Each structure stands twice: as C-alpha cells, then as structure tokens.
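Student: Sharing my_file-v3.pdb here; it has PDB, C-alpha atoms.
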MODEL        1
ATOM      1  CA  MET A1253     126.380  92.174 106.744
ATOM      2  CA  LYS A1254     130.118  91.593 106.805
ATOM      3  CA  LEU A1255     131.571  94.073 109.260
ATOM      4  CA  LEU A1256     135.225  93.749 108.282
ATOM      5  CA  GLN A1257     135.018  93.510 104.500
ATOM      6  CA  GLY A1258     138.089  95.124 102.942
ATOM      7  CA  LYS A1259     140.052  95.146 106.174
ATOM      8  CA  THR A1260     143.187  93.232 107.121
ATOM      9  CA  SER A1261     143.748  92.185 110.722
ATOM     10  CA  ILE A1262     146.851  91.049 112.555
ATOM     11  CA  ILE A1263     146.166  88.576 115.343
ATOM     12  CA  THR A1264     148.908  87.395 117.692
ATOM     13  CA  GLY A1265     148.670  84.080 119.488
ATOM     14  CA  ALA A1266     146.307  82.920 116.779
ATOM     15  CA  SER A1267     146.831  79.174 117.009
ATOM     16  CA  LYS A1268     144.289  78.417 119.732
ATOM     17  CA  GLY A1269     141.845  79.743 122.299
ATOM     18  CA  LEU A1270     140.786  83.359 122.028
ATOM     19  CA  GLY A1271     143.169  84.146 119.161
ATOM     20  CA  LYS A1272     141.829  81.323 117.022
ATOM     21  CA  SER A1273     138.240  82.259 117.757
ATOM     22  CA  ILE A1274     138.912  85.916 116.931
ATOM     23  CA  ALA A1275     140.546  84.829 113.659
ATOM     24  CA  GLN A1276     137.500  82.708 112.764
ATOM     25  CA  THR A1277     135.050  85.484 113.623
ATOM     26  CA  PHE A1278     137.013  88.126 111.720
ATOM     27  CA  ALA A1279     137.302  85.864 108.659
ATOM     28  CA  MET A1280     133.565  85.185 108.807
ATOM     29  CA  HIS A1281     133.136  88.963 108.587
ATOM     30  CA  GLY A1282     135.375  89.295 105.548
ATOM     31  CA  SER A1283     138.695  90.339 107.051
ATOM     32  CA  ASP A1284     141.937  89.181 105.489
ATOM     33  CA  LEU A1285     144.219  87.936 108.207
ATOM     34  CA  ILE A1286     147.823  88.023 109.304
ATOM     35  CA  LEU A1287     148.190  85.261 111.858
ATOM     36  CA  LEU A1288     151.178  85.184 114.211
ATOM     37  CA  SER A1289     152.042  82.232 116.390
ATOM     38  CA  ARG A1290     154.955  80.196 117.676
ATOM     39  CA  ASN A1291     153.114  77.156 116.327
ATOM     40  CA  LEU A1292     153.316  77.347 112.547
ATOM     41  CA  GLN A1293     151.652  73.993 112.056
ATOM     42  CA  ALA A1294     148.546  75.073 113.957
ATOM     43  CA  ILE A1295     148.101  78.358 112.097
ATOM     44  CA  SER A1296     148.839  76.602 108.836
ATOM     45  CA  GLY A1297     145.777  74.411 109.408
ATOM     46  CA  LEU A1298     143.747  77.448 110.407
ATOM     47  CA  LYS A1299     144.805  79.295 107.254
ATOM     48  CA  THR A1300     143.596  76.421 105.068
ATOM     49  CA  GLU A1301     140.304  76.269 106.958
ATOM     50  CA  LEU A1302     139.571  79.995 106.854
ATOM     51  CA  GLU A1303     140.621  80.549 103.255
ATOM     52  CA  SER A1304     138.379  77.766 102.022
ATOM     53  CA  LEU A1305     135.420  78.592 104.262
ATOM     54  CA  TYR A1306     135.363  82.371 103.910
ATOM     55  CA  ALA A1307     137.387  83.207 100.774
ATOM     56  CA  VAL A1308     139.715  85.502 102.685
ATOM     57  CA  GLN A1309     143.489  85.743 102.400
ATOM     58  CA  CYS A1310     145.516  84.474 105.348
ATOM     59  CA  HIS A1311     149.190  85.238 105.789
ATOM     60  CA  ILE A1312     150.902  83.204 108.473
ATOM     61  CA  TYR A1313     154.129  83.817 110.350
ATOM     62  CA  GLU A1314     155.962  81.700 112.897
ATOM     63  CA  THR A1315     156.742  84.526 115.274
ATOM     64  CA  ASP A1316     157.411  84.809 118.964
ATOM     65  CA  VAL A1317     156.080  88.128 120.300
ATOM     66  CA  THR A1318     158.842  88.227 122.906
ATOM     67  CA  ASP A1319     161.466  88.272 120.165
ATOM     68  CA  LEU A1320     161.708  91.790 118.771
ATOM     69  CA  ASN A1321     163.931  90.752 115.880
ATOM     70  CA  SER A1322     161.515  88.053 114.831
ATOM     71  CA  LEU A1323     158.695  90.605 114.931
ATOM     72  CA  LYS A1324     160.733  93.130 112.947
ATOM     73  CA  ASN A1325     161.336  90.509 110.265
ATOM     74  CA  THR A1326     157.636  89.700 110.142
ATOM     75  CA  PHE A1327     156.596  93.334 109.734
ATOM     76  CA  ALA A1328     159.405  93.961 107.220
ATOM     77  CA  ASP A1329     158.114  91.061 105.138
ATOM     78  CA  LEU A1330     154.568  92.438 105.297
ATOM     79  CA  ASN A1331     155.836  95.843 104.156
ATOM     80  CA  LYS A1332     157.802  94.250 101.352
ATOM     81  CA  LYS A1333     154.676  92.460 100.175
ATOM     82  CA  LYS A1334     152.626  95.666 100.558
ATOM     83  CA  ILE A1335     150.285  93.970 102.990
ATOM     84  CA  VAL A1336     148.901  96.751 105.164
ATOM     85  CA  ALA A1337     146.907  96.029 108.287
ATOM     86  CA  ASP A1338     143.912  97.978 109.567
ATOM     87  CA  VAL A1339     143.537  96.162 112.869
ATOM     88  CA  LEU A1340     145.947  94.718 115.422
ATOM     89  CA  VAL A1341     144.745  92.267 118.053
ATOM     90  CA  ASN A1342     147.349  91.795 120.770
ATOM     91  CA  ASN A1343     146.135  88.471 122.063
ATOM     92  CA  ALA A1344     149.277  86.402 122.726
ATOM     93  CA  GLY A1345     149.543  85.815 126.435
ATOM     94  CA  ILE A1346     150.543  83.357 129.116
ATOM     95  CA  MET A1347     149.191  82.751 132.611
ATOM     96  CA  ILE A1348     151.225  81.274 135.413
ATOM     97  CA  ASP A1349     149.580  80.638 138.785
ATOM     98  CA  SER A1350     151.903  81.064 141.723
ATOM     99  CA  THR A1351     151.653  82.724 145.113
ATOM    100  CA  LEU A1352     154.226  85.462 145.491
ATOM    101  CA  MET A1353     156.434  83.444 147.851
ATOM    102  CA  THR A1354     156.908  80.836 145.156
ATOM    103  CA  VAL A1355     157.356  83.142 142.177
ATOM    104  CA  LYS A1356     160.678  82.649 140.419
ATOM    105  CA  PRO A1357     162.362  85.478 138.490
ATOM    106  CA  GLU A1358     161.928  83.658 135.190
ATOM    107  CA  MET A1359     158.169  83.444 135.793
ATOM    108  CA  ILE A1360     158.073  87.225 136.070
ATOM    109  CA  SER A1361     160.197  87.827 132.987
ATOM    110  CA  ASN A1362     158.353  85.225 130.890
ATOM    111  CA  THR A1363     154.963  86.655 131.824
ATOM    112  CA  TYR A1364     155.967  90.270 131.290
ATOM    113  CA  ASN A1365     157.888  89.547 128.095
ATOM    114  CA  THR A1366     154.869  87.887 126.517
ATOM    115  CA  ASN A1367     151.922  89.780 127.968
ATOM    116  CA  VAL A1368     153.386  93.281 128.162
ATOM    117  CA  ASN A1369     156.483  93.602 125.991
ATOM    118  CA  GLY A1370     154.925  91.572 123.172
ATOM    119  CA  THR A1371     151.920  93.894 123.141
ATOM    120  CA  ILE A1372     154.121  96.980 123.116
ATOM    121  CA  TYR A1373     156.424  95.658 120.375
ATOM    122  CA  CYS A1374     153.569  94.689 118.063
ATOM    123  CA  SER A1375     151.784  97.995 118.617
ATOM    124  CA  GLN A1376     154.948  99.934 117.840
ATOM    125  CA  LEU A1377     155.576  98.014 114.638
ATOM    126  CA  ALA A1378     151.973  98.129 113.410
ATOM    127  CA  LEU A1379     151.637 101.800 114.206
ATOM    128  CA  LYS A1380     153.600 103.195 111.278
ATOM    129  CA  ASN A1381     151.081 101.988 108.719
ATOM    130  CA  PHE A1382     148.166 103.135 110.861
ATOM    131  CA  ILE A1383     149.695 106.615 110.971
ATOM    132  CA  LYS A1384     150.121 106.643 107.203
ATOM    133  CA  LYS A1385     146.442 105.836 106.774
ATOM    134  CA  ARG A1386     145.304 107.992 109.695
ATOM    135  CA  LYS A1387     143.176 105.070 110.743
ATOM    136  CA  GLY A1388     143.593 101.901 112.750
ATOM    137  CA  SER A1389     142.294  99.886 115.638
ATOM    138  CA  ILE A1390     144.473  98.278 118.296
ATOM    139  CA  ILE A1391     142.737  95.757 120.520
ATOM    140  CA  ASN A1392     144.612  94.571 123.586
ATOM    141  CA  LEU A1393     143.624  91.529 125.599
ATOM    142  CA  SER A1394     143.653  92.304 129.307
ATOM    143  CA  SER A1395     141.726  90.287 131.895
ATOM    144  CA  ILE A1396     139.319  90.602 134.784
ATOM    145  CA  ILE A1397     142.330  89.477 136.826
ATOM    146  CA  GLY A1398     144.054  92.670 135.691
ATOM    147  CA  THR A1399     141.146  94.900 136.696
ATOM    148  CA  ASN A1400     140.224  93.137 139.951
ATOM    149  CA  GLY A1401     143.111  90.888 140.988
ATOM    150  CA  SER A1402     142.978  87.278 142.089
ATOM    151  CA  ALA A1403     144.832  85.302 144.767
ATOM    152  CA  GLY A1404     147.850  83.447 143.438
ATOM    153  CA  GLN A1405     148.041  85.542 140.305
ATOM    154  CA  SER A1406     149.889  88.679 141.317
ATOM    155  CA  ILE A1407     152.312  88.441 138.403
ATOM    156  CA  TYR A1408     149.673  87.689 135.782
ATOM    157  CA  ALA A1409     147.344  90.321 137.293
ATOM    158  CA  SER A1410     150.000  93.015 137.252
ATOM    159  CA  SER A1411     150.934  92.196 133.659
ATOM    160  CA  LYS A1412     147.284  92.495 132.604
ATOM    161  CA  ALA A1413     146.879  95.706 134.621
ATOM    162  CA  ALA A1414     149.874  97.059 132.711
ATOM    163  CA  ILE A1415     147.949  96.393 129.505
ATOM    164  CA  ILE A1416     145.163  98.648 130.758
ATOM    165  CA  GLY A1417     147.586 101.490 131.521
ATOM    166  CA  PHE A1418     149.210 101.012 128.143
ATOM    167  CA  THR A1419     145.828 101.036 126.397
ATOM    168  CA  LYS A1420     144.624 104.199 128.093
ATOM    169  CA  ALA A1421     147.870 106.117 127.579
ATOM    170  CA  LEU A1422     148.270 105.041 123.964
ATOM    171  CA  SER A1423     144.647 105.842 123.167
ATOM    172  CA  LYS A1424     145.291 109.442 124.231
ATOM    173  CA  GLU A1425     148.514 109.603 122.235
ATOM    174  CA  LEU A1426     146.929 108.264 119.062
ATOM    175  CA  ALA A1427     143.440 109.759 119.175
ATOM    176  CA  PRO A1428     144.550 112.881 117.227
ATOM    177  CA  LEU A1429     145.668 110.535 114.463
ATOM    178  CA  ASN A1430     142.320 108.712 114.345
ATOM    179  CA  ILE A1431     143.852 105.521 115.676
ATOM    180  CA  ARG A1432     141.783 103.783 118.315
ATOM    181  CA  VAL A1433     143.157 101.708 121.176
ATOM    182  CA  ASN A1434     140.899  99.614 123.376
ATOM    183  CA  ALA A1435     141.170  96.633 125.662
ATOM    184  CA  ILE A1436     139.009  93.640 126.401
ATOM    185  CA  ALA A1437     138.967  92.211 129.904
ATOM    186  CA  PRO A1438     137.593  88.669 129.691
ATOM    187  CA  GLY A1439     136.285  86.908 132.769
ATOM    188  CA  PHE A1440     136.363  83.136 133.043
ATOM    189  CA  ILE A1441     136.540  81.867 129.469
ATOM    190  CA  GLU A1442     136.774  78.170 128.586
ATOM    191  CA  THR A1443     140.189  77.879 126.899
ATOM    192  CA  ASP A1444     143.417  75.929 127.357
ATOM    193  CA  LEU A1445     144.557  78.756 129.615
ATOM    194  CA  THR A1446     141.768  78.080 132.096
ATOM    195  CA  ALA A1447     141.541  74.295 131.633
ATOM    196  CA  GLY A1448     141.502  72.464 134.952
ATOM    197  CA  LYS A1449     140.585  75.528 136.961
ATOM    198  CA  ASP A1450     137.792  75.086 139.488
ATOM    199  CA  LYS A1451     134.670  76.870 138.301
ATOM    200  CA  ALA A1452     132.641  76.014 141.406
ATOM    201  CA  GLN A1453     134.251  78.856 143.331
ATOM    202  CA  LEU A1454     133.440  81.428 140.690
ATOM    203  CA  SER A1455     130.625  83.874 141.091
ATOM    204  CA  ILE A1456     129.312  84.533 137.615
ATOM    205  CA  GLY A1457     126.017  86.390 137.356
ATOM    206  CA  MET A1458     125.066  84.623 134.134
ATOM    207  CA  LYS A1459     125.823  81.208 135.695
ATOM    208  CA  ARG A1460     128.065  80.016 132.904
ATOM    209  CA  ALA A1461     131.649  80.301 131.832
ATOM    210  CA  GLY A1462     132.293  82.450 128.798
ATOM    211  CA  THR A1463     133.238  81.039 125.415
ATOM    212  CA  PRO A1464     135.998  82.287 123.139
ATOM    213  CA  GLU A1465     133.216  83.417 120.782
ATOM    214  CA  ASP A1466     131.853  85.740 123.493
ATOM    215  CA  VAL A1467     135.199  87.538 123.469
ATOM    216  CA  ALA A1468     135.594  87.387 119.692
ATOM    217  CA  LYS A1469     132.281  89.212 119.192
ATOM    218  CA  VAL A1470     133.503  92.151 121.263
ATOM    219  CA  ALA A1471     136.795  92.143 119.369
ATOM    220  CA  LEU A1472     134.741  92.230 116.164
ATOM    221  CA  PHE A1473     132.902  95.319 117.373
ATOM    222  CA  LEU A1474     136.159  97.055 118.295
ATOM    223  CA  ALA A1475     137.769  96.139 114.977
ATOM    224  CA  SER A1476     134.803  97.327 112.936
ATOM    225  CA  ASP A1477     133.647 100.807 112.059
ATOM    226  CA  LEU A1478     130.724 100.321 114.447
ATOM    227  CA  SER A1479     133.137 101.450 117.155
ATOM    228  CA  ASP A1480     134.515 104.402 115.164
ATOM    229  CA  TYR A1481     134.194 106.765 118.130
ATOM    230  CA  VAL A1482     135.296 104.325 120.839
ATOM    231  CA  THR A1483     138.823 104.591 122.201
ATOM    232  CA  GLY A1484     140.599 104.184 125.529
ATOM    233  CA  GLN A1485     137.978 101.757 126.823
ATOM    234  CA  VAL A1486     138.346  98.517 128.726
ATOM    235  CA  ILE A1487     135.367  96.330 127.952
ATOM    236  CA  GLY A1488     134.622  93.522 130.364
ATOM    237  CA  VAL A1489     133.380  90.253 128.850
ATOM    238  CA  ASP A1490     132.662  88.352 132.030
ATOM    239  CA  GLY A1491     128.928  87.549 132.299
ATOM    240  CA  GLY A1492     128.680  89.663 135.427
ATOM    241  CA  MET A1493     131.501  87.858 137.223
ATOM    242  CA  ILE A1494     132.359  89.055 140.706
ATOM    243  CA  ILE A1495     135.944  88.608 141.796
TER     244      ILE A1495
ATOM    245  CA  MET B1153     163.032 116.799  92.563
ATOM    246  CA  THR B1154     166.238 116.415  94.601
ATOM    247  CA  ASN B1155     166.322 114.371  97.800
ATOM    248  CA  SER B1156     166.680 117.596  99.800
ATOM    249  CA  GLU B1157     163.524 118.985  98.232
ATOM    250  CA  LYS B1158     161.756 115.703  98.855
ATOM    251  CA  LEU B1159     162.771 115.798 102.517
ATOM    252  CA  TYR B1160     161.770 119.441 102.960
ATOM    253  CA  ASN B1161     158.398 118.686 101.395
ATOM    254  CA  ALA B1162     157.915 115.772 103.775
ATOM    255  CA  PHE B1163     158.657 118.062 106.729
ATOM    256  CA  ALA B1164     156.372 120.823 105.461
ATOM    257  CA  GLU B1165     153.515 118.417 104.891
ATOM    258  CA  ALA B1166     153.924 116.478 108.141
ATOM    259  CA  LEU B1167     154.323 119.567 110.311
ATOM    260  CA  ASN B1168     151.800 121.548 108.303
ATOM    261  CA  ILE B1169     154.067 124.581 107.899
ATOM    262  CA  ASP B1170     155.307 126.612 104.936
ATOM    263  CA  LEU B1171     158.073 125.067 102.898
ATOM    264  CA  ASN B1172     160.170 128.226 103.272
ATOM    265  CA  LYS B1173     160.337 127.656 107.026
ATOM    266  CA  ILE B1174     162.176 124.369 106.588
ATOM    267  CA  ASN B1175     165.952 124.405 106.776
ATOM    268  CA  ASP B1176     168.639 122.059 108.056
ATOM    269  CA  ASN B1177     168.788 123.892 111.381
ATOM    270  CA  LEU B1178     165.133 123.369 112.238
ATOM    271  CA  VAL B1179     165.130 121.415 115.496
ATOM    272  CA  TYR B1180     162.577 119.081 117.100
ATOM    273  CA  GLN B1181     160.239 120.905 119.501
ATOM    274  CA  SER B1182     161.704 124.308 118.552
ATOM    275  CA  ILE B1183     158.328 125.154 117.008
ATOM    276  CA  ALA B1184     154.863 124.267 118.268
ATOM    277  CA  GLN B1185     154.085 122.292 115.114
ATOM    278  CA  TRP B1186     156.945 119.827 115.644
ATOM    279  CA  ASP B1187     155.756 118.034 118.763
ATOM    280  CA  SER B1188     155.803 114.365 119.702
ATOM    281  CA  ILE B1189     152.562 113.639 117.827
ATOM    282  CA  SER B1190     153.607 115.331 114.599
ATOM    283  CA  HIS B1191     156.981 113.606 114.926
ATOM    284  CA  MET B1192     155.163 110.297 114.388
ATOM    285  CA  VAL B1193     153.446 111.714 111.317
ATOM    286  CA  LEU B1194     156.784 113.039 110.097
ATOM    287  CA  ILE B1195     158.416 109.630 110.383
ATOM    288  CA  SER B1196     155.674 107.993 108.353
ATOM    289  CA  GLN B1197     155.889 110.800 105.770
ATOM    290  CA  ILE B1198     159.651 110.375 105.421
ATOM    291  CA  GLU B1199     159.355 106.590 105.205
ATOM    292  CA  GLU B1200     156.797 106.928 102.450
ATOM    293  CA  ALA B1201     158.752 109.594 100.557
ATOM    294  CA  PHE B1202     161.969 107.574 100.534
ATOM    295  CA  ASN B1203     160.516 104.065 100.703
ATOM    296  CA  VAL B1204     162.487 103.120 103.808
ATOM    297  CA  SER B1205     161.614 101.688 107.195
ATOM    298  CA  LEU B1206     163.410 103.566 109.944
ATOM    299  CA  GLU B1207     164.778 101.804 113.006
ATOM    300  CA  THR B1208     163.404 102.929 116.372
ATOM    301  CA  ASP B1209     166.787 104.380 117.372
ATOM    302  CA  ASP B1210     166.759 106.508 114.228
ATOM    303  CA  VAL B1211     163.217 107.691 114.944
ATOM    304  CA  ILE B1212     164.420 108.855 118.360
ATOM    305  CA  ASP B1213     167.610 110.413 116.993
ATOM    306  CA  MET B1214     165.869 112.463 114.317
ATOM    307  CA  SER B1215     166.198 115.714 116.210
ATOM    308  CA  SER B1216     166.603 118.153 113.328
ATOM    309  CA  VAL B1217     166.260 118.393 109.563
ATOM    310  CA  GLY B1218     170.040 118.151 109.249
ATOM    311  CA  LYS B1219     170.040 115.058 111.451
ATOM    312  CA  ALA B1220     167.313 113.547 109.266
ATOM    313  CA  LYS B1221     169.654 113.851 106.261
ATOM    314  CA  GLU B1222     172.461 112.216 108.239
ATOM    315  CA  ILE B1223     170.185 109.347 109.295
ATOM    316  CA  LEU B1224     168.751 108.840 105.821
ATOM    317  CA  SER B1225     172.247 108.581 104.384
ATOM    318  CA  LYS B1226     172.539 105.321 106.384
ATOM    319  CA  TYR B1227     169.656 104.078 104.255
ATOM    320  CA  LYS B1228     171.580 104.962 101.082
ATOM    321  CA  ILE B1229     169.676 108.183 100.457
ATOM    322  CA  ILE B1230     172.215 110.662  99.141
ATOM    323  CA  PHE B1231     171.897 114.408  99.785
TER     324      PHE B1231
ENDMDL
END
How does this structure look as structure tokens?
Tutor:
Amino acid sequence: MKLLQGKTSIITGASKGLGKSIAQTFAMHGSDLILLSRNLQAISGLKTELESLYAVQCHIYETDVTDLNSLKNTFADLNKKKIVADVLVNNAGIMIDSTLMTVKPEMISNTYNTNVNGTIYCSQLALKNFIKKRKGSIINLSSIIGTNGSAGQSIYASSKAAIIGFTKALSKELAPLNIRVNAIAPGFIETDLTAGKDKAQLSIGMKRAGTPEDVAKVALFLASDLSDYVTGQVIGVDGGMII
Amino acid sequence: MTNSEKLYNAFAEALNIDLNKINDNLVYQSIAQWDSISHMVLISQIEEAFNVSLETDDVIDMSSVGKAKEILSKYKIIF
C-alpha cells in the first residue's frame, strides 16, 4: 500500500543524508516531491533517479533555507505553477562541535540561521496553502542532542531544543485548522553529519547506530494519514540510546 | 461582483459572521470571531479571492477591513 499516493511533499536539505533518504522513502510511497537544497547538482541526480524508479514528479530548487528571499522566490514559483504541497519536512540542518569557550559568533549565527530560522521561514511560507486546504503536516527534524544535551554541542543542542519549542507551540496554534506539527528526534544516525564520530562511547540499547531509513520511516508515518490524530509530538528514533 | 463585495464576502466567510456585519471600520480583535487564528484563515481567503500572495508585513498590518483595501491596492486591486 502506498501511504502517500496523491500527496506532494517539500523536503529541505534533500541532497544527502536524512533528507535524501526521506525523499526516497516518500517517493516509494507515491508522493510527488519538491526538493530544496543548496546543491542543485545532487538533487538533480536524485530527481532523475526517483522519477524513473517510482513514476513520481520531482520539482527541484537550488535554495538556501537561511535566505528568506530565495525561499520566497521558490514558494512564489510553486504557487505560480499551482504546485500545492501537503507535507513539509524541515530537514536542512548543520552541526558544529565546539565547547562553549571556543564558540565563535558566526558559529552561533550559522547554526541558528539554518536549524531554527530556516525551519521557521519554510513553515511560514508553506502554511498558507495548508490553511487553504485545512490540512497539512509539518515535520521538523530535532535531535536527541536537543532533548538531552551533549558535551561540546551547546549551540547545536540549543538550536535543536528550539525546534521542539517551535513544534509544540505551532502544533497548538494550527490544530484548530487541522494542520499537524510534529518533530523527530534522531539518535546516532550514520550520515555525513556524524561521520568520524566515535561510536564506542555511545550507549545504544539496540547496539547499533541508526540508519537514515530508520528516520525516514517515522517521517513517512507522520506525513501519512496514519498519523491523522497525532500533533505536537517529538518522536525519538534512537534505538534506546542513553545520553 | 465588485472588489468591495468580494472582500466583504471573504471576511464574512473567513470569520464566519453575517455579511451585514462587515464594514470598513471593522477592526481586528474587536469581535471574538476575528482572532489570531481566524486572521490566518482570512489571509488565505483574501489571497484566494484576489489571486495574490501577501507579504508578511501586510499580513501583520491588516488591522481592519479598510486597511485591507488599502493593502490590496498595493497589489493593483482597485476599490
């Protein structure tokens, strides 16, 4: 059964890692896609792959989520082409490791601009069409670091904690309009973002790192009508990780 | 239908109130039906009615029916 047949999903940061895996999983389940990335070449390849494998339509945009004007142009173009999304996955994010004493101001602004502001901007722009349809699902990528904290990641952790506050507040604001807002808090997932990090120190109940597909399956649930009555939740995808 | 009638209809539908209660002096949050949630619905209703996409500043500034006309005139909607 294709869970997203007839739906269109916007995915930010779609060129690699979790975003790419979510795009593949959604396409496999019949969703047309709007892929946003700073790397047009990468999403161009993904578009070709997904359109031929799953017979879905992929629209790609070279867009930086920290650049509000670039986002406005992207959404204006979608409106012009009458492409209306049902789902928004705010996945684009960066992670910088640095103890607080060594944090530079630009590290803070870069992290917050991408992880927090980018999520807020995209949600604001996608919202208008969700309101018109009185239906929509916003899925924000937080992190176990945001829920539990981790040494050397105070800036990243606080940005991901902000995503949780944003998710919970927005879910309350939009529930009367039948628009759902949820977050996923991945644990240690094998992606470029976590490449080179020492897994030996991690305490994961299931004794393995997560895969991007583990996260994508939860995103699929939240995007689909299976989660019709689920909003304001932060779902951990961490294999029982203790941090 | 004139643009004024179109706008009044959009307000009546979005706020779920009688058309005869809409006039240019109706102000945001002056009635229970025009709260922050219905304001979002109103914006989408107006955008659909006039086929425009309002800037965030204009969404914030839309504090009355009269003000809505003023704002829409920037989008070449004549009243």
Student: Using all atoms listed in the file, find which residues of chain B lie within 9 Å of chain A and jot them down as a list in words.
Tutor: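 Here they are: Ile1189, Met1192, Val1193, Ile1195, Ser1196, Gln1197, Glu1200 and Ser1205 of chain B.
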Student: I'd like the interatomic distance between atom CA of A:Ser1423 and atom CA of A:Ser1375, to a tenth of an Å.
Tutor: 11.5 Å
Student: Please evaluate the PyMOL selection byres ((chain B and resi 1217) around 9) against the structure above and give the resulting residues as a PDB file with C-alpha atoms, keeping the file's coordinate frame.
Tutor:
ATOM      1  CA  LEU B1159     162.771 115.798 102.517  1.00  0.00           C
ATOM      2  CA  TYR B1160     161.770 119.441 102.960  1.00  0.00           C
ATOM      3  CA  PHE B1163     158.657 118.062 106.729  1.00  0.00           C
ATOM      4  CA  ILE B1174     162.176 124.369 106.588  1.00  0.00           C
ATOM      5  CA  ASN B1175     165.952 124.405 106.776  1.00  0.00           C
ATOM      6  CA  ASP B1176     168.639 122.059 108.056  1.00  0.00           C
ATOM      7  CA  ASN B1177     168.788 123.892 111.381  1.00  0.00           C
ATOM      8  CA  LEU B1178     165.133 123.369 112.238  1.00  0.00           C
ATOM      9  CA  VAL B1179     165.130 121.415 115.496  1.00  0.00           C
ATOM     10  CA  TYR B1180     162.577 119.081 117.100  1.00  0.00           C
ATOM     11  CA  MET B1214     165.869 112.463 114.317  1.00  0.00           C
ATOM     12  CA  SER B1215     166.198 115.714 116.210  1.00  0.00           C
ATOM     13  CA  SER B1216     166.603 118.153 113.328  1.00  0.00           C
ATOM     14  CA  GLY B1218     170.040 118.151 109.249  1.00  0.00           C
ATOM     15  CA  LYS B1219     170.040 115.058 111.451  1.00  0.00           C
ATOM     16  CA  ALA B1220     167.313 113.547 109.266  1.00  0.00           C
ATOM     17  CA  LYS B1221     169.654 113.851 106.261  1.00  0.00           C
ATOM     18  CA  GLU B1222     172.461 112.216 108.239  1.00  0.00           C
TER      19      GLU B1222
END
Student: What does the distance from atom CA of A:Lys1469 to atom CA of A:Leu1302 come to in Å, to one decimal?
Tutor: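 If I compute the distance from atom CA of A:Lys1469 to atom CA of A:Leu1302, I get 17.0 Å.
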Student: Pick out the residues sitting within 10 Å of stretch 1359-1371 of chain A, and hand them over as a ChimeraX atom specification; count only C-alpha atoms, and ignore anything fewer than 6 positions along from it in its own chain.
Tutor: /A:1264,1316-1320,1323,1340-1350,1390-1394,1406-1408,1410-1415,1418-1419
Student: Pick out the residues sitting within 8 Å of B:Thr1154, and hand them over as a ChimeraX atom specification; count all atoms listed in the file, and ignore anything fewer than 3 positions along from it in its own chain.
Tutor: /B:1157-1158,1231
Student: As an exercise, work out the distance from atom CA of A:Leu1422 to atom CA of B:Thr1208 in Å and give it to one decimal place.
Tutor: 17.1 Å
Student: Evaluating the PyMOL selection byres ((chain A and resi 1286-1290) around 10) on the displayed file yields which residues, as a ChimeraX atom specification?
Tutor: /A:1260-1268,1271-1272,1275,1283-1285,1291-1296,1298-1299,1309-1317,1323,1326,1330,1335-1337,1339-1341,1343-1344
Student: Produce a file of the selected residues containing C-alpha atoms, as a PDB file, keeping the file's coordinate frame.
Tutor:
ATOM      1  CA  THR A1260     143.187  93.232 107.121  1.00  0.00           C
ATOM      2  CA  SER A1261     143.748  92.185 110.722  1.00  0.00           C
ATOM      3  CA  ILE A1262     146.851  91.049 112.555  1.00  0.00           C
ATOM      4  CA  ILE A1263     146.166  88.576 115.343  1.00  0.00           C
ATOM      5  CA  THR A1264     148.908  87.395 117.692  1.00  0.00           C
ATOM      6  CA  GLY A1265     148.670  84.080 119.488  1.00  0.00           C
ATOM      7  CA  ALA A1266     146.307  82.920 116.779  1.00  0.00           C
ATOM      8  CA  SER A1267     146.831  79.174 117.009  1.00  0.00           C
ATOM      9  CA  LYS A1268     144.289  78.417 119.732  1.00  0.00           C
ATOM     10  CA  GLY A1271     143.169  84.146 119.161  1.00  0.00           C
ATOM     11  CA  LYS A1272     141.829  81.323 117.022  1.00  0.00           C
ATOM     12  CA  ALA A1275     140.546  84.829 113.659  1.00  0.00           C
ATOM     13  CA  SER A1283     138.695  90.339 107.051  1.00  0.00           C
ATOM     14  CA  ASP A1284     141.937  89.181 105.489  1.00  0.00           C
ATOM     15  CA  LEU A1285     144.219  87.936 108.207  1.00  0.00           C
ATOM     16  CA  ASN A1291     153.114  77.156 116.327  1.00  0.00           C
ATOM     17  CA  LEU A1292     153.316  77.347 112.547  1.00  0.00           C
ATOM     18  CA  GLN A1293     151.652  73.993 112.056  1.00  0.00           C
ATOM     19  CA  ALA A1294     148.546  75.073 113.957  1.00  0.00           C
ATOM     20  CA  ILE A1295     148.101  78.358 112.097  1.00  0.00           C
ATOM     21  CA  SER A1296     148.839  76.602 108.836  1.00  0.00           C
ATOM     22  CA  LEU A1298     143.747  77.448 110.407  1.00  0.00           C
ATOM     23  CA  LYS A1299     144.805  79.295 107.254  1.00  0.00           C
ATOM     24  CA  GLN A1309     143.489  85.743 102.400  1.00  0.00           C
ATOM     25  CA  CYS A1310     145.516  84.474 105.348  1.00  0.00           C
ATOM     26  CA  HIS A1311     149.190  85.238 105.789  1.00  0.00           C
ATOM     27  CA  ILE A1312     150.902  83.204 108.473  1.00  0.00           C
ATOM     28  CA  TYR A1313     154.129  83.817 110.350  1.00  0.00           C
ATOM     29  CA  GLU A1314     155.962  81.700 112.897  1.00  0.00           C
ATOM     30  CA  THR A1315     156.742  84.526 115.274  1.00  0.00           C
ATOM     31  CA  ASP A1316     157.411  84.809 118.964  1.00  0.00           C
ATOM     32  CA  VAL A1317     156.080  88.128 120.300  1.00  0.00           C
ATOM     33  CA  LEU A1323     158.695  90.605 114.931  1.00  0.00           C
ATOM     34  CA  THR A1326     157.636  89.700 110.142  1.00  0.00           C
ATOM     35  CA  LEU A1330     154.568  92.438 105.297  1.00  0.00           C
ATOM     36  CA  ILE A1335     150.285  93.970 102.990  1.00  0.00           C
ATOM     37  CA  VAL A1336     148.901  96.751 105.164  1.00  0.00           C
ATOM     38  CA  ALA A1337     146.907  96.029 108.287  1.00  0.00           C
ATOM     39  CA  VAL A1339     143.537  96.162 112.869  1.00  0.00           C
ATOM     40  CA  LEU A1340     145.947  94.718 115.422  1.00  0.00           C
ATOM     41  CA  VAL A1341     144.745  92.267 118.053  1.00  0.00           C
ATOM     42  CA  ASN A1343     146.135  88.471 122.063  1.00  0.00           C
ATOM     43  CA  ALA A1344     149.277  86.402 122.726  1.00  0.00           C
TER      44      ALA A1344
END
Student: Taking the file as shown, find all residues satisfying the PyMOL selection byres ((chain B and resi 1227) around 10) and write them as a list in words.
Tutor: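 Output of the PyMOL selection byres ((chain B and resi 1227) around 10): Phe1202, Asn1203, Val1204, Ser1205, Leu1206, Lys1221, Glu1222, Ile1223, Leu1224, Ser1225, Lys1226, Lys1228, Ile1229 and Ile1230 of chain B.
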Student: Box along x, y and z, 8 Å on every side, all listed atoms of stretch 1170-1185 of chain B inside: centre and edge lengths in Å to one decimal, as AutoDock Vina command-line options.
Tutor:
--center_x 161.4 --center_y 123.7 --center_z 111.2 --size_x 30.7 --size_y 25.1 --size_z 32.6
